[in-house]
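Asks: Quick one: this structure, given as structure tokens, is what I'll be asking you about.
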Amino acid sequence: MKKDIQIPEVTDVEVAVVYEYNDIYKTDDWNVYIINKKEVDLEMVVIVSQGFSETKTTSLLRKKLEKLPANSFAKVELIQPELFKLNNRFQVTFFEGNTLYDKTFTFPENTIKEGALRMISELNKRGVLAD
């Protein structure tokens, strides 16, 4: 029975942590973005995030987007630099048409840092992409 279940592979969806200036508070912030590089809209996007290590676990944060248009991105949440010493997991679930997709993106501990920033063309900002 289990062998009959088809789990489709997620492609052209990325999660990034971006270092950017906040005009309102006049600070440099780290923000998490979801990027849809597909030619179709994603619907009912749910992102569940959590930081963890062998000894610590953060609370679960959940974010829902009704629709993420084709070739677009959305800011998911602010992430505090204190969490960079933990593994940070983002479980992304969405519908593309009538098919449910699910993928877990992970930023291993200490991989989010200024020295790792690269230009992310879809955002036109510097950040780190998840594994």
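Ordered as shown in the structure tokens, chains take letters A, B, and onward, while each chain numbers its residues from 1 and ligands are numbered from 1 in the order shown.
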So which residues of stretch 2-129 of chain A fall under helix (DSSP H, G or I) by DSSP, listed as a PyMOL selection string?

Replies: chain A and resi 2-4+81-85+114-116

Asks: Compile a residue-level contact table for stretch 85-122 of chain A against stretch 16-26 of chain A at a cut-off of 12 Å, reporting for every qualifying residue the shortest atom pair and its distance in Å to one decimal, with only C-alpha atoms counted, rows ordered by chain and ascending number, as a tab-separated table.

Replies:
```
residue	atom	partner	partner_atom	distance
A:Asn88	CA	A:Val17	CA	10.5
A:Arg89	CA	A:Ala16	CA	11.6
A:Phe90	CA	A:Ala16	CA	10.1
A:Phe105	CA	A:Ala16	CA	9.4
A:Thr106	CA	A:Ala16	CA	10.0
A:Phe107	CA	A:Val17	CA	9.0
A:Thr111	CA	A:Val17	CA	10.4
A:Ile112	CA	A:Val17	CA	7.5
A:Lys113	CA	A:Tyr19	CA	9.0
A:Glu114	CA	A:Tyr19	CA	7.9
A:Gly115	CA	A:Tyr19	CA	11.2
A:Ala116	CA	A:Val17	CA	10.6
A:Leu117	CA	A:Val18	CA	7.9
A:Arg118	CA	A:Val18	CA	9.3
A:Met119	CA	A:Val18	CA	9.5
A:Ile120	CA	A:Ala16	CA	8.5
A:Ser121	CA	A:Ala16	CA	11.6
A:Glu122	CA	A:Ala16	CA	10.6
```

Asks: Using only C-alpha atoms, which residue out of A:Glu96, A:Glu66, A:Asp29, A:Glu43 lies closest to A:Thr11?

Replies: A:Glu96

Asks: In Å, with one decimal, what is the gap from atom CA of A:Val45 to atom CA of A:Pro69?

Replies: 10.9 Å

Asks: When you look at A:Glu9 with a cut-off of 9 Å (counting only C-alpha atoms), what residues show up, excluding the ones that are within fewer than 3 positions of it in the same chain? I need them as an MDAnalysis selection string.

Replies: chainID A and resid 101:103

Asks: Hey, can you spit out that residue selection with C-alpha atoms as an mmCIF file, in the first residue's frame?

Replies:
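Writing the result to out_20.cif gives the following:
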```
data_model
loop_
_atom_site.group_PDB
_atom_site.id
_atom_site.type_symbol
_atom_site.label_atom_id
_atom_site.label_comp_id
_atom_site.auth_asym_id
_atom_site.auth_seq_id
_atom_site.Cartn_x
_atom_site.Cartn_y
_atom_site.Cartn_z
ATOM 1 C CA TYR A 101 3.705 19.262 -2.285
ATOM 2 C CA ASP A 102 5.912 19.249 0.803
ATOM 3 C CA LYS A 103 9.601 19.996 1.315
#
```

Asks: What is the atom CA of A:Lys63-atom CA of A:Ile47 distance in Å, reported with one decimal?

Replies: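 One can read the atom CA of A:Lys63 to atom CA of A:Ile47 distance as 5.2 Å.
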
Asks: Quick one: residues within 8 Å of A:Phe73, only C-alpha atoms counted, chain neighbours fewer than 4 positions away excluded, as a VMD selection string?

Replies: chain A and resid 33 to 36 68 to 69 122 to 123

Asks: To one decimal in Å, tell me the separation between atom CA of A:Lys67 and atom CA of A:Phe52.

Replies: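 Separation of atom CA of A:Lys67 and atom CA of A:Phe52: 28.6 Å.
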
Asks: Point out the residue among A:Leu86, A:Ile79, A:Val10, A:Val32 with the least atom-to-atom distance to A:Glu54, counting only C-alpha atoms.

Replies: A:Leu86

Asks: For each of A:Met44, A:Leu83, A:Leu100, A:Val13, take the minimum atom-to-atom distance to A:Lys64, counting only C-alpha atoms, then give the residue where this is smallest.

Replies: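 Looking only at the distances to A:Lys64, the closest residue turns out to be A:Met44.
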
Asks: Using only C-alpha atoms, can you tell me which of A:Asn87, A:Leu61, A:Glu39, A:Glu82 comes closest to A:Ala130?

Replies: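 Ranking A:Asn87, A:Leu61, A:Glu39, A:Glu82 by distance to A:Ala130, first place goes to A:Asn87.
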